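Participant: Dropping in protein34.cif, which is mmCIF, C-alpha atoms, pLDDT in the B column; chains and numbers go by the auth columns:
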```cif
data_final
#
loop_
_atom_site.group_PDB
_atom_site.id
_atom_site.type_symbol
_atom_site.label_atom_id
_atom_site.label_comp_id
_atom_site.label_asym_id
_atom_site.label_seq_id
_atom_site.Cartn_x
_atom_site.Cartn_y
_atom_site.Cartn_z
_atom_site.B_iso_or_equiv
_atom_site.auth_seq_id
_atom_site.auth_asym_id
ATOM 1 C CA MET A 1 168.479 116.660 167.921 79.00 972 A
ATOM 2 C CA THR A 2 166.666 113.701 169.421 91.00 973 A
ATOM 3 C CA ARG A 3 163.915 114.024 171.986 89.00 974 A
ATOM 4 C CA ASP A 4 166.242 112.779 174.749 90.00 975 A
ATOM 5 C CA GLU A 5 168.869 115.332 173.776 91.00 976 A
ATOM 6 C CA ALA A 6 166.268 118.097 173.787 89.00 977 A
ATOM 7 C CA GLU A 7 165.027 117.054 177.225 88.00 978 A
ATOM 8 C CA THR A 8 168.585 116.917 178.542 87.00 979 A
ATOM 9 C CA ALA A 9 169.337 120.369 177.119 84.00 980 A
ATOM 10 C CA ALA A 10 166.166 121.763 178.708 80.00 981 A
ATOM 11 C CA LEU A 11 167.091 120.227 182.064 76.00 982 A
ATOM 12 C CA ILE A 12 170.596 121.662 181.928 79.00 983 A
ATOM 13 C CA GLU A 13 169.209 125.109 181.053 74.00 984 A
ATOM 14 C CA ARG A 14 166.831 124.909 184.019 70.00 985 A
ATOM 15 C CA LEU A 15 169.639 123.927 186.383 69.00 986 A
ATOM 16 C CA VAL A 16 172.043 126.656 185.286 70.00 987 A
ATOM 17 C CA GLY A 17 169.755 129.200 183.644 66.00 988 A
ATOM 18 C CA SER A 18 169.738 132.807 184.778 70.00 989 A
ATOM 19 C CA VAL A 19 165.947 133.138 184.847 74.00 990 A
ATOM 20 C CA ALA A 20 164.024 131.768 187.830 74.00 991 A
ATOM 21 C CA ASP A 21 160.586 130.324 187.261 78.00 992 A
ATOM 22 C CA GLY A 22 157.682 130.882 189.644 84.00 993 A
ATOM 23 C CA GLU A 23 158.495 127.864 191.790 84.00 994 A
ATOM 24 C CA ASP A 24 162.150 128.892 192.165 81.00 995 A
ATOM 25 C CA GLN A 25 161.126 132.434 193.081 85.00 996 A
ATOM 26 C CA ALA A 26 158.693 131.181 195.719 88.00 997 A
ATOM 27 C CA VAL A 27 161.311 128.919 197.294 88.00 998 A
ATOM 28 C CA GLY A 28 163.881 131.720 197.254 86.00 999 A
ATOM 29 C CA ALA A 29 161.470 134.159 198.868 87.00 1000 A
ATOM 30 C CA ALA A 30 160.585 131.642 201.587 89.00 1001 A
ATOM 31 C CA LEU A 31 164.267 131.130 202.452 88.00 1002 A
ATOM 32 C CA ARG A 32 165.209 134.816 202.646 87.00 1003 A
ATOM 33 C CA PRO A 33 164.997 136.620 205.979 85.00 1004 A
ATOM 34 C CA ARG A 34 162.190 139.183 206.049 85.00 1005 A
ATOM 35 C CA ASP A 35 163.852 141.538 208.518 82.00 1006 A
ATOM 36 C CA LEU A 36 167.182 142.007 210.311 77.00 1007 A
ATOM 37 C CA ASP A 37 166.001 140.120 213.407 80.00 1008 A
ATOM 38 C CA GLU A 38 165.955 136.910 211.332 81.00 1009 A
ATOM 39 C CA PHE A 39 169.669 137.170 210.427 78.00 1010 A
ATOM 40 C CA ILE A 40 171.901 134.909 212.496 80.00 1011 A
ATOM 41 C CA GLY A 41 175.447 135.951 213.352 81.00 1012 A
ATOM 42 C CA GLN A 42 177.531 138.848 212.012 80.00 1013 A
ATOM 43 C CA GLU A 43 176.367 141.180 214.759 84.00 1014 A
ATOM 44 C CA LYS A 44 178.577 144.068 213.557 85.00 1015 A
ATOM 45 C CA VAL A 45 177.129 143.883 210.046 82.00 1016 A
ATOM 46 C CA ARG A 46 173.577 143.711 211.428 78.00 1017 A
ATOM 47 C CA GLU A 47 174.204 146.791 213.557 83.00 1018 A
ATOM 48 C CA GLN A 48 175.485 148.730 210.543 85.00 1019 A
ATOM 49 C CA LEU A 49 172.571 147.638 208.361 80.00 1020 A
ATOM 50 C CA ASP A 50 170.110 148.503 211.082 79.00 1021 A
ATOM 51 C CA LEU A 51 171.325 152.114 210.912 78.00 1022 A
ATOM 52 C CA VAL A 52 170.407 152.278 207.238 72.00 1023 A
#
```
In structure tokens, write the structure found in this file.

Facilitator:
Amino acid sequence: MTRDEAETAALIERLVGSVADGEDQAVGAALRPRDLDEFIGQEKVREQLDLV
């Protein structure tokens, strides 16, 4: 395997891999709502989740 092939394989694994690195985890955490008040829409679902 050439260096370019190895780099391409590593890039593909990063794009479709099942393990998130620290940067991906930080971005994901920043995008997720922290509480139910931050959810937009689906009022019925929010009401049901709020009961839990």

Participant: One number please: atom CA of Asp992 of chain A to atom CA of Ala977 of chain A, in Å, one decimal.

Facilitator: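 If I compute the distance from atom CA of Asp992 of chain A to atom CA of Ala977 of chain A, I get 19.1 Å.
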
Participant: Please, what is the axis-aligned box for every listed atom of segment 980-997 of chain A with 3 Å on each side, as centre and edge lengths in Å to one decimal, as JSON?

Facilitator:
```
{"center_x": 164.9, "center_y": 126.7, "center_z": 186.4, "size_x": 20.4, "size_y": 18.9, "size_z": 24.6}
```

Participant: How far is it from atom CA of Ile983 of chain A to atom CA of Ala1000 of chain A, in Å with one decimal?

Facilitator: 22.9 Å
